[in-house]
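K.L.:
File target.cif follows (mmCIF, C-alpha atoms):
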```cif
data_entry
#
loop_
_atom_site.label_atom_id
_atom_site.label_comp_id
_atom_site.auth_asym_id
_atom_site.auth_seq_id
_atom_site.Cartn_x
_atom_site.Cartn_y
_atom_site.Cartn_z
CA MET A 22 78.54 -24.96 -35.23
CA LYS A 23 75.00 -24.15 -33.93
CA LYS A 24 72.71 -21.93 -35.92
CA PRO A 25 71.36 -18.70 -34.31
CA SER A 26 67.88 -20.22 -34.19
CA ASP A 27 69.19 -23.06 -32.07
CA LEU A 28 70.39 -20.61 -29.43
CA GLN A 29 66.89 -19.19 -28.73
CA PRO A 30 65.37 -20.31 -25.38
CA VAL A 31 62.45 -22.69 -25.41
CA PRO A 32 59.24 -20.83 -24.57
CA ASP A 33 57.99 -21.42 -21.05
CA ARG A 34 54.96 -23.69 -21.14
CA GLU A 35 53.42 -21.93 -18.16
CA ALA A 36 53.77 -18.58 -19.92
CA GLN A 37 52.05 -19.99 -22.98
CA LYS A 38 49.19 -21.45 -20.93
CA LYS A 39 48.82 -18.14 -19.15
CA LYS A 40 48.38 -16.22 -22.39
CA TRP A 41 44.83 -17.42 -22.99
CA VAL A 42 43.80 -16.67 -19.39
CA GLU A 43 44.62 -12.99 -19.61
CA PRO A 44 42.23 -12.00 -22.45
CA VAL A 45 39.44 -14.19 -21.07
CA THR A 46 39.97 -12.71 -17.61
CA ALA A 47 39.92 -9.21 -19.07
CA LEU A 48 36.65 -9.97 -20.86
CA LEU A 49 35.15 -11.43 -17.68
CA MET A 50 36.20 -8.36 -15.67
CA ALA A 51 34.72 -6.03 -18.29
CA LEU A 52 31.41 -7.87 -18.25
CA ALA A 53 31.40 -7.96 -14.45
CA THR A 54 32.09 -4.21 -14.31
CA LEU A 55 29.19 -3.46 -16.66
CA SER A 56 26.93 -5.84 -14.74
CA THR A 57 27.88 -4.20 -11.44
CA ALA A 58 26.97 -0.77 -12.79
CA TRP A 59 23.68 -2.09 -14.18
CA CYS A 60 22.70 -3.79 -10.91
CA SER A 61 23.61 -0.66 -8.95
CA TYR A 62 21.37 1.39 -11.23
CA GLN A 63 18.50 -1.09 -10.92
CA SER A 64 18.85 -1.21 -7.13
CA ALA A 65 18.67 2.58 -6.91
CA ALA A 66 15.69 2.69 -9.30
CA TRP A 67 13.72 0.12 -7.31
CA THR A 68 14.60 1.91 -4.08
CA ARG A 69 13.16 5.14 -5.49
CA GLN A 70 10.01 3.29 -6.54
CA SER A 71 9.69 1.75 -3.09
CA ASN A 72 10.07 5.15 -1.43
CA ARG A 73 7.50 6.71 -3.78
CA LEU A 74 4.98 3.97 -3.02
CA MET A 75 5.60 4.33 0.71
CA ASN A 76 4.99 8.08 0.47
CA GLU A 77 1.74 7.41 -1.40
CA PHE A 78 0.78 4.83 1.23
CA ASN A 79 1.33 7.33 4.05
CA ALA A 80 -0.67 10.02 2.21
CA LEU A 81 -3.57 7.62 1.57
CA GLU A 82 -3.54 6.45 5.17
CA ARG A 83 -3.66 10.02 6.44
CA ARG A 84 -6.50 10.88 4.04
CA ALA A 85 -8.48 7.80 5.06
CA GLY A 86 -7.95 8.58 8.73
CA LEU A 87 -9.07 12.19 8.23
CA LEU A 88 -12.25 11.07 6.45
CA SER A 89 -13.00 8.60 9.25
CA VAL A 90 -12.54 11.25 11.94
CA GLN A 91 -14.67 13.77 10.05
CA GLY A 92 -17.37 11.16 9.48
CA THR A 93 -17.39 10.25 13.16
CA GLN A 94 -17.64 13.90 14.18
CA GLN A 95 -20.55 14.50 11.81
CA ALA A 96 -22.31 11.36 12.99
CA THR A 97 -21.94 12.58 16.56
CA ILE A 98 -23.55 15.91 15.65
CA HIS A 99 -26.37 14.18 13.79
CA THR A 100 -26.98 11.88 16.73
CA ALA A 101 -27.10 14.85 19.10
CA MET A 102 -29.67 16.58 16.86
CA PHE A 103 -31.77 13.43 16.81
CA MET A 104 -31.66 13.21 20.59
CA GLU A 105 -32.86 16.81 20.76
CA VAL A 106 -35.78 15.87 18.50
CA LEU A 107 -36.73 13.01 20.81
CA ALA A 108 -36.42 15.23 23.87
CA ALA A 109 -38.65 17.88 22.27
CA LYS A 110 -41.24 15.28 21.30
CA GLN A 111 -41.13 13.83 24.80
CA ALA A 112 -41.78 17.32 26.17
CA GLY A 113 -44.65 17.81 23.70
CA ASN A 114 -42.87 20.66 21.94
CA GLU A 115 -43.51 19.79 18.30
CA GLN A 116 -42.36 23.21 17.13
CA LEU A 117 -38.91 22.64 18.60
CA ALA A 118 -38.83 19.09 17.26
CA ASN A 119 -39.68 20.34 13.77
CA PHE A 120 -37.02 23.02 14.14
CA TYR A 121 -34.33 20.33 14.48
CA VAL A 122 -35.85 18.02 11.87
CA GLU A 123 -35.93 20.79 9.24
CA ARG A 124 -32.23 21.36 9.84
CA PHE A 125 -31.27 17.74 9.33
CA PRO A 126 -28.83 17.24 6.42
CA PRO A 127 -30.43 15.42 3.45
CA ASP A 128 -28.93 12.03 4.30
CA VAL A 129 -29.99 12.28 7.94
CA ARG A 130 -33.47 13.47 6.96
CA LYS A 131 -33.83 10.53 4.60
CA ALA A 132 -32.81 8.10 7.32
CA TYR A 133 -35.11 9.80 9.83
CA ASP A 134 -38.13 9.65 7.49
CA ALA A 135 -37.43 6.00 6.74
CA TRP A 136 -37.24 5.31 10.45
CA LEU A 137 -40.51 7.10 11.11
CA ALA A 138 -42.13 5.06 8.34
CA GLN A 139 -41.46 2.00 10.48
CA LYS A 140 -43.65 3.55 13.21
CA PRO A 141 -40.99 3.04 15.89
CA PHE A 142 -43.20 4.31 18.73
CA GLU A 143 -45.75 1.61 17.94
CA ASN A 144 -43.80 -1.14 16.19
CA PRO A 145 -41.51 -3.11 18.54
CA ASN A 146 -39.73 -4.60 15.52
CA ALA A 147 -38.71 -1.20 14.18
CA ASP A 148 -35.09 -0.15 14.16
CA PRO A 149 -34.02 1.43 17.46
CA HIS A 150 -32.85 4.63 15.77
CA PRO A 151 -32.22 6.08 12.28
CA PHE A 152 -28.48 5.49 12.43
CA VAL A 153 -28.50 1.77 11.74
CA PRO A 154 -26.49 0.66 8.65
CA ASN A 155 -29.54 -0.04 6.49
CA LEU A 156 -30.83 3.52 6.98
CA TYR A 157 -27.77 5.70 7.51
CA GLU A 158 -24.20 5.66 6.29
CA THR A 159 -21.50 7.67 8.01
CA ARG A 160 -20.06 10.19 5.63
CA GLY A 161 -16.69 9.30 4.14
CA THR A 162 -17.01 5.62 5.05
CA ARG A 163 -16.81 4.34 1.49
CA GLU A 164 -14.10 6.77 0.49
CA ALA A 165 -12.06 5.86 3.57
CA ALA A 166 -12.45 2.14 2.83
CA GLU A 167 -11.33 2.63 -0.78
CA LEU A 168 -8.34 4.71 0.30
CA THR A 169 -7.40 2.15 2.92
CA SER A 170 -7.58 -0.64 0.35
CA LYS A 171 -5.44 1.33 -2.09
CA ALA A 172 -2.98 2.16 0.69
CA ALA A 173 -2.65 -1.54 1.56
CA SER A 174 -1.98 -2.32 -2.10
CA ASN A 175 0.69 0.39 -2.28
CA LEU A 176 2.30 -0.93 0.89
CA GLU A 177 2.53 -4.41 -0.60
CA LYS A 178 4.01 -3.01 -3.83
CA ALA A 179 6.49 -0.91 -1.83
CA ARG A 180 7.67 -3.97 0.09
CA SER A 181 7.99 -5.95 -3.12
CA ALA A 182 10.00 -3.14 -4.75
CA GLY A 183 12.22 -2.99 -1.68
CA ASN A 184 12.87 -6.73 -1.93
CA VAL A 185 13.81 -6.39 -5.60
CA SER A 186 16.15 -3.53 -4.71
CA GLY A 187 17.80 -5.73 -2.09
CA GLU A 188 18.25 -8.54 -4.62
CA TYR A 189 19.95 -6.18 -7.08
CA LEU A 190 22.18 -4.90 -4.29
CA ALA A 191 23.15 -8.47 -3.46
CA ASN A 192 23.98 -9.05 -7.12
CA THR A 193 26.21 -5.96 -7.04
CA VAL A 194 28.19 -7.48 -4.17
CA LEU A 195 28.49 -10.80 -6.01
CA PHE A 196 29.71 -9.08 -9.18
CA ALA A 197 32.31 -7.29 -7.05
CA THR A 198 33.41 -10.74 -5.86
CA VAL A 199 33.76 -11.80 -9.50
CA LEU A 200 35.95 -8.75 -10.17
CA PHE A 201 38.18 -9.57 -7.22
CA PHE A 202 38.80 -13.21 -8.08
CA ALA A 203 39.09 -12.54 -11.82
CA SER A 204 41.70 -9.88 -11.15
CA ALA A 205 43.54 -12.07 -8.66
CA SER A 206 43.60 -15.10 -10.97
CA GLY A 207 46.09 -13.42 -13.30
CA LYS A 208 48.53 -12.71 -10.48
CA PHE A 209 49.04 -16.24 -9.20
CA ASP A 210 52.13 -18.11 -10.42
CA GLN A 211 50.83 -21.59 -9.69
CA ARG A 212 48.63 -22.82 -12.50
CA ARG A 213 46.27 -24.75 -10.21
CA VAL A 214 45.61 -21.76 -7.95
CA ARG A 215 45.20 -19.51 -10.99
CA MET A 216 42.70 -21.83 -12.60
CA ILE A 217 40.72 -22.33 -9.38
CA ALA A 218 40.42 -18.55 -8.90
CA PHE A 219 39.37 -18.05 -12.51
CA ALA A 220 36.88 -20.95 -12.42
CA PHE A 221 35.36 -19.61 -9.20
CA ALA A 222 34.99 -16.13 -10.71
CA ALA A 223 33.36 -17.57 -13.85
CA ALA A 224 30.99 -19.75 -11.80
CA VAL A 225 29.90 -16.86 -9.62
CA PHE A 226 29.42 -14.69 -12.70
CA ALA A 227 27.17 -17.31 -14.33
CA PHE A 228 25.22 -17.75 -11.10
CA VAL A 229 24.61 -14.01 -10.72
CA LEU A 230 23.56 -13.73 -14.37
CA VAL A 231 20.86 -16.34 -13.73
CA ARG A 232 19.73 -14.48 -10.59
CA ALA A 233 19.61 -11.17 -12.43
CA ALA A 234 17.62 -12.65 -15.33
CA MET A 235 14.89 -13.72 -12.91
CA LEU A 236 14.44 -10.22 -11.49
CA PRO A 237 12.16 -7.56 -13.01
CA SER A 238 13.89 -4.57 -14.57
#
```
Kindly transcribe the structure held in the file into structure tokens.
P.N.:
Amino acid sequence: MKKPSDLQPVPDREAQKKKWVEPVTALLMALATLSTAWCSYQSAAWTRQSNRLMNEFNALERRAGLLSVQGTQQATIHTAMFMEVLAAKQAGNEQLANFYVERFPPDVRKAYDAWLAQKPFENPNADPHPFVPNLYETRGTREAAELTSKAASNLEKARSAGNVSGEYLANTVLFATVLFFASASGKFDQRRVRMIAFAFAAAVFAFVLVRAAMLPS
């Protein structure tokens, strides 16, 4: 007569082999879920930084353009005043010439006096007018150049931040792939298919971890 213990069915080997896959798969899915959330957060953060830098770039560009336009307008007015001085001198009206000269802005007056010191009406090697670079500098030129340089730097940083955001977004998609295959691996009955799906999910997870470690946070 058989004992009760002899009547118990022999455990299914496949069921036993499947037991270790389930907790490991659950752990892999948990890590992939956390990693997906982290990459999504990083992607959004870098996108915000890229947008902020682009807004600063646009503001700097507009400011630099405004300074350039204002400087050009002022230089045009100064040139017109200088032409009036020459016309008055040509007509022999020194009083009118002095009237314009006394109303020159300080920077224009300085350039004009330096030009006169070259004796332009006698010296053929003198500068043709006071508005050459070594005598006169258009207002806002330096400020506009500095703003333009800063704007170019912000544009480069914005593009770099946008690239980082795209990399984090790509990692989010890859982690979603890990979740899919890790979840599917526990539903296959064939051991080979189950192991291939799990191995693929683990390999992709390791690959994305390496990618994420190389990105700034």
K.L.:
With the file shown as input, list the residues that the PyMOL selection byres ((chain A and resi 214-219) around 9) selects, as a ChimeraX atom specification.
P.N.:
/A:42,46,199,202-213,220-224
K.L.:
Could you jot down the atom CA of Glu188 of chain A to atom CA of Thr57 of chain A separation for me, Å, one decimal place?
P.N.:
12.6 Å
K.L.:
Segment 70-88 of chain A, all listed atoms, 5 Å padding on each side: what axis-aligned box centre and edge lengths in Å to one decimal come out, as lines of an AutoDock Vina configuration file?
P.N.:
```
center_x = -1.1
center_y = 7.0
center_z = 1.1
size_x = 32.3
size_y = 20.4
size_z = 25.3
```
K.L.:
With distances taken over all atoms listed in the file, which residue among A:Val106, A:Ala53, A:Asn76, A:Leu137 lies nearest Glu123 of chain A?
P.N.:
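Of the candidates, the smallest distance to Glu123 of chain A is held by A:Val106.
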K.L.:
Which of these, A:Ala108, A:Ala182, A:Ala58, A:Ala234, has the shortest distance to Ser71 of chain A once you count all atoms listed in the file?
P.N.:
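Nearest candidate to Ser71 of chain A out of A:Ala108, A:Ala182, A:Ala58, A:Ala234: A:Ala182.
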K.L.:
Please write the residues picked by the PyMOL selection byres ((chain A and resi 187) around 12) on this file as an MDAnalysis selection string.
P.N.:
chainID A and resid 60:61 63:68 71 180:186 188:194 233 236
K.L.:
Identify all residues satisfying the PyMOL selection byres ((chain A and resi 96) around 10) in the given file; provide them as a PyMOL selection string.
P.N.:
chain A and resi 90-95+97-102+129+152+157-160
K.L.:
Only C-alpha atoms, please: the residues just picked out, written as a PDB file, in the coordinates of the input.
P.N.:
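Result saved to part25.pdb:
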```
ATOM      1  CA  VAL A  90     -12.540  11.250  11.940  1.00  0.00           C
ATOM      2  CA  GLN A  91     -14.670  13.770  10.050  1.00  0.00           C
ATOM      3  CA  GLY A  92     -17.370  11.160   9.480  1.00  0.00           C
ATOM      4  CA  THR A  93     -17.390  10.250  13.160  1.00  0.00           C
ATOM      5  CA  GLN A  94     -17.640  13.900  14.180  1.00  0.00           C
ATOM      6  CA  GLN A  95     -20.550  14.500  11.810  1.00  0.00           C
ATOM      7  CA  THR A  97     -21.940  12.580  16.560  1.00  0.00           C
ATOM      8  CA  ILE A  98     -23.550  15.910  15.650  1.00  0.00           C
ATOM      9  CA  HIS A  99     -26.370  14.180  13.790  1.00  0.00           C
ATOM     10  CA  THR A 100     -26.980  11.880  16.730  1.00  0.00           C
ATOM     11  CA  ALA A 101     -27.100  14.850  19.100  1.00  0.00           C
ATOM     12  CA  MET A 102     -29.670  16.580  16.860  1.00  0.00           C
ATOM     13  CA  VAL A 129     -29.990  12.280   7.940  1.00  0.00           C
ATOM     14  CA  PHE A 152     -28.480   5.490  12.430  1.00  0.00           C
ATOM     15  CA  TYR A 157     -27.770   5.700   7.510  1.00  0.00           C
ATOM     16  CA  GLU A 158     -24.200   5.660   6.290  1.00  0.00           C
ATOM     17  CA  THR A 159     -21.500   7.670   8.010  1.00  0.00           C
ATOM     18  CA  ARG A 160     -20.060  10.190   5.630  1.00  0.00           C
TER      19      ARG A 160
END
```
K.L.:
What would segment 195-226 of chain A look like with N, CA and C atoms restored, written as a PDB file, in the frame of the given file?
P.N.:
```pdb
ATOM      1  N   LEU A 195      27.970  -9.584  -5.379  1.00  0.00           N
ATOM      2  CA  LEU A 195      28.490 -10.800  -6.010  1.00  0.00           C
ATOM      3  C   LEU A 195      29.335 -10.468  -7.248  1.00  0.00           C
ATOM      4  N   PHE A 196      28.903  -9.491  -8.027  1.00  0.00           N
ATOM      5  CA  PHE A 196      29.710  -9.080  -9.180  1.00  0.00           C
ATOM      6  C   PHE A 196      31.046  -8.489  -8.730  1.00  0.00           C
ATOM      7  N   ALA A 197      31.046  -7.795  -7.598  1.00  0.00           N
ATOM      8  CA  ALA A 197      32.310  -7.290  -7.050  1.00  0.00           C
ATOM      9  C   ALA A 197      33.229  -8.451  -6.661  1.00  0.00           C
ATOM     10  N   THR A 198      32.632  -9.534  -6.177  1.00  0.00           N
ATOM     11  CA  THR A 198      33.410 -10.740  -5.860  1.00  0.00           C
ATOM     12  C   THR A 198      34.024 -11.327  -7.127  1.00  0.00           C
ATOM     13  N   VAL A 199      33.239 -11.326  -8.212  1.00  0.00           N
ATOM     14  CA  VAL A 199      33.760 -11.800  -9.500  1.00  0.00           C
ATOM     15  C   VAL A 199      34.963 -10.958  -9.934  1.00  0.00           C
ATOM     16  N   LEU A 200      34.846  -9.637  -9.799  1.00  0.00           N
ATOM     17  CA  LEU A 200      35.950  -8.750 -10.170  1.00  0.00           C
ATOM     18  C   LEU A 200      37.210  -9.060  -9.363  1.00  0.00           C
ATOM     19  N   PHE A 201      37.027  -9.313  -8.078  1.00  0.00           N
ATOM     20  CA  PHE A 201      38.180  -9.570  -7.220  1.00  0.00           C
ATOM     21  C   PHE A 201      38.902 -10.845  -7.631  1.00  0.00           C
ATOM     22  N   PHE A 202      38.167 -11.935  -7.768  1.00  0.00           N
ATOM     23  CA  PHE A 202      38.800 -13.210  -8.080  1.00  0.00           C
ATOM     24  C   PHE A 202      39.311 -13.254  -9.514  1.00  0.00           C
ATOM     25  N   ALA A 203      38.595 -12.586 -10.439  1.00  0.00           N
ATOM     26  CA  ALA A 203      39.090 -12.540 -11.820  1.00  0.00           C
ATOM     27  C   ALA A 203      40.393 -11.763 -11.896  1.00  0.00           C
ATOM     28  N   SER A 204      40.465 -10.669 -11.164  1.00  0.00           N
ATOM     29  CA  SER A 204      41.700  -9.880 -11.150  1.00  0.00           C
ATOM     30  C   SER A 204      42.843 -10.633 -10.480  1.00  0.00           C
ATOM     31  N   ALA A 205      42.504 -11.350  -9.401  1.00  0.00           N
ATOM     32  CA  ALA A 205      43.540 -12.070  -8.660  1.00  0.00           C
ATOM     33  C   ALA A 205      44.044 -13.291  -9.419  1.00  0.00           C
ATOM     34  N   SER A 206      43.202 -13.862 -10.271  1.00  0.00           N
ATOM     35  CA  SER A 206      43.600 -15.100 -10.970  1.00  0.00           C
ATOM     36  C   SER A 206      44.805 -14.884 -11.880  1.00  0.00           C
ATOM     37  N   GLY A 207      44.959 -13.678 -12.414  1.00  0.00           N
ATOM     38  CA  GLY A 207      46.090 -13.420 -13.300  1.00  0.00           C
ATOM     39  C   GLY A 207      47.385 -13.131 -12.569  1.00  0.00           C
ATOM     40  N   LYS A 208      47.331 -13.068 -11.249  1.00  0.00           N
ATOM     41  CA  LYS A 208      48.530 -12.710 -10.480  1.00  0.00           C
ATOM     42  C   LYS A 208      49.168 -13.909  -9.789  1.00  0.00           C
ATOM     43  N   PHE A 209      48.484 -15.042  -9.829  1.00  0.00           N
ATOM     44  CA  PHE A 209      49.040 -16.240  -9.200  1.00  0.00           C
ATOM     45  C   PHE A 209      50.028 -16.920 -10.158  1.00  0.00           C
ATOM     46  N   ASP A 210      51.143 -17.403  -9.607  1.00  0.00           N
ATOM     47  CA  ASP A 210      52.130 -18.110 -10.420  1.00  0.00           C
ATOM     48  C   ASP A 210      51.766 -19.577 -10.597  1.00  0.00           C
ATOM     49  N   GLN A 211      51.197 -20.178  -9.599  1.00  0.00           N
ATOM     50  CA  GLN A 211      50.830 -21.590  -9.690  1.00  0.00           C
ATOM     51  C   GLN A 211      49.591 -21.751 -10.576  1.00  0.00           C
ATOM     52  N   ARG A 212      49.723 -22.640 -11.535  1.00  0.00           N
ATOM     53  CA  ARG A 212      48.630 -22.820 -12.500  1.00  0.00           C
ATOM     54  C   ARG A 212      47.357 -23.288 -11.822  1.00  0.00           C
ATOM     55  N   ARG A 213      47.470 -24.209 -10.852  1.00  0.00           N
ATOM     56  CA  ARG A 213      46.270 -24.750 -10.210  1.00  0.00           C
ATOM     57  C   ARG A 213      45.528 -23.660  -9.451  1.00  0.00           C
ATOM     58  N   VAL A 214      46.250 -22.847  -8.705  1.00  0.00           N
ATOM     59  CA  VAL A 214      45.610 -21.760  -7.950  1.00  0.00           C
ATOM     60  C   VAL A 214      44.989 -20.753  -8.909  1.00  0.00           C
ATOM     61  N   ARG A 215      45.708 -20.456  -9.997  1.00  0.00           N
ATOM     62  CA  ARG A 215      45.200 -19.510 -10.990  1.00  0.00           C
ATOM     63  C   ARG A 215      43.905 -20.013 -11.622  1.00  0.00           C
ATOM     64  N   MET A 216      43.882 -21.273 -11.964  1.00  0.00           N
ATOM     65  CA  MET A 216      42.700 -21.830 -12.600  1.00  0.00           C
ATOM     66  C   MET A 216      41.521 -21.925 -11.634  1.00  0.00           C
ATOM     67  N   ILE A 217      41.800 -22.252 -10.380  1.00  0.00           N
ATOM     68  CA  ILE A 217      40.720 -22.330  -9.380  1.00  0.00           C
ATOM     69  C   ILE A 217      40.092 -20.949  -9.183  1.00  0.00           C
ATOM     70  N   ALA A 218      40.933 -19.920  -9.080  1.00  0.00           N
ATOM     71  CA  ALA A 218      40.420 -18.550  -8.900  1.00  0.00           C
ATOM     72  C   ALA A 218      39.597 -18.117 -10.112  1.00  0.00           C
ATOM     73  N   PHE A 219      40.101 -18.430 -11.295  1.00  0.00           N
ATOM     74  CA  PHE A 219      39.370 -18.050 -12.510  1.00  0.00           C
ATOM     75  C   PHE A 219      38.055 -18.818 -12.626  1.00  0.00           C
ATOM     76  N   ALA A 220      38.094 -20.126 -12.336  1.00  0.00           N
ATOM     77  CA  ALA A 220      36.880 -20.950 -12.420  1.00  0.00           C
ATOM     78  C   ALA A 220      35.840 -20.476 -11.402  1.00  0.00           C
ATOM     79  N   PHE A 221      36.294 -20.094 -10.215  1.00  0.00           N
ATOM     80  CA  PHE A 221      35.360 -19.610  -9.200  1.00  0.00           C
ATOM     81  C   PHE A 221      34.713 -18.304  -9.651  1.00  0.00           C
ATOM     82  N   ALA A 222      35.523 -17.397 -10.228  1.00  0.00           N
ATOM     83  CA  ALA A 222      34.990 -16.130 -10.710  1.00  0.00           C
ATOM     84  C   ALA A 222      33.966 -16.361 -11.829  1.00  0.00           C
ATOM     85  N   ALA A 223      34.281 -17.282 -12.738  1.00  0.00           N
ATOM     86  CA  ALA A 223      33.360 -17.570 -13.850  1.00  0.00           C
ATOM     87  C   ALA A 223      32.073 -18.202 -13.331  1.00  0.00           C
ATOM     88  N   ALA A 224      32.180 -19.099 -12.353  1.00  0.00           N
ATOM     89  CA  ALA A 224      30.990 -19.750 -11.800  1.00  0.00           C
ATOM     90  C   ALA A 224      30.085 -18.755 -11.099  1.00  0.00           C
ATOM     91  N   VAL A 225      30.698 -17.873 -10.308  1.00  0.00           N
ATOM     92  CA  VAL A 225      29.900 -16.860  -9.620  1.00  0.00           C
ATOM     93  C   VAL A 225      29.242 -15.917 -10.624  1.00  0.00           C
ATOM     94  N   PHE A 226      29.974 -15.570 -11.672  1.00  0.00           N
ATOM     95  CA  PHE A 226      29.420 -14.690 -12.700  1.00  0.00           C
ATOM     96  C   PHE A 226      28.203 -15.325 -13.367  1.00  0.00           C
TER      97      PHE A 226
END
```
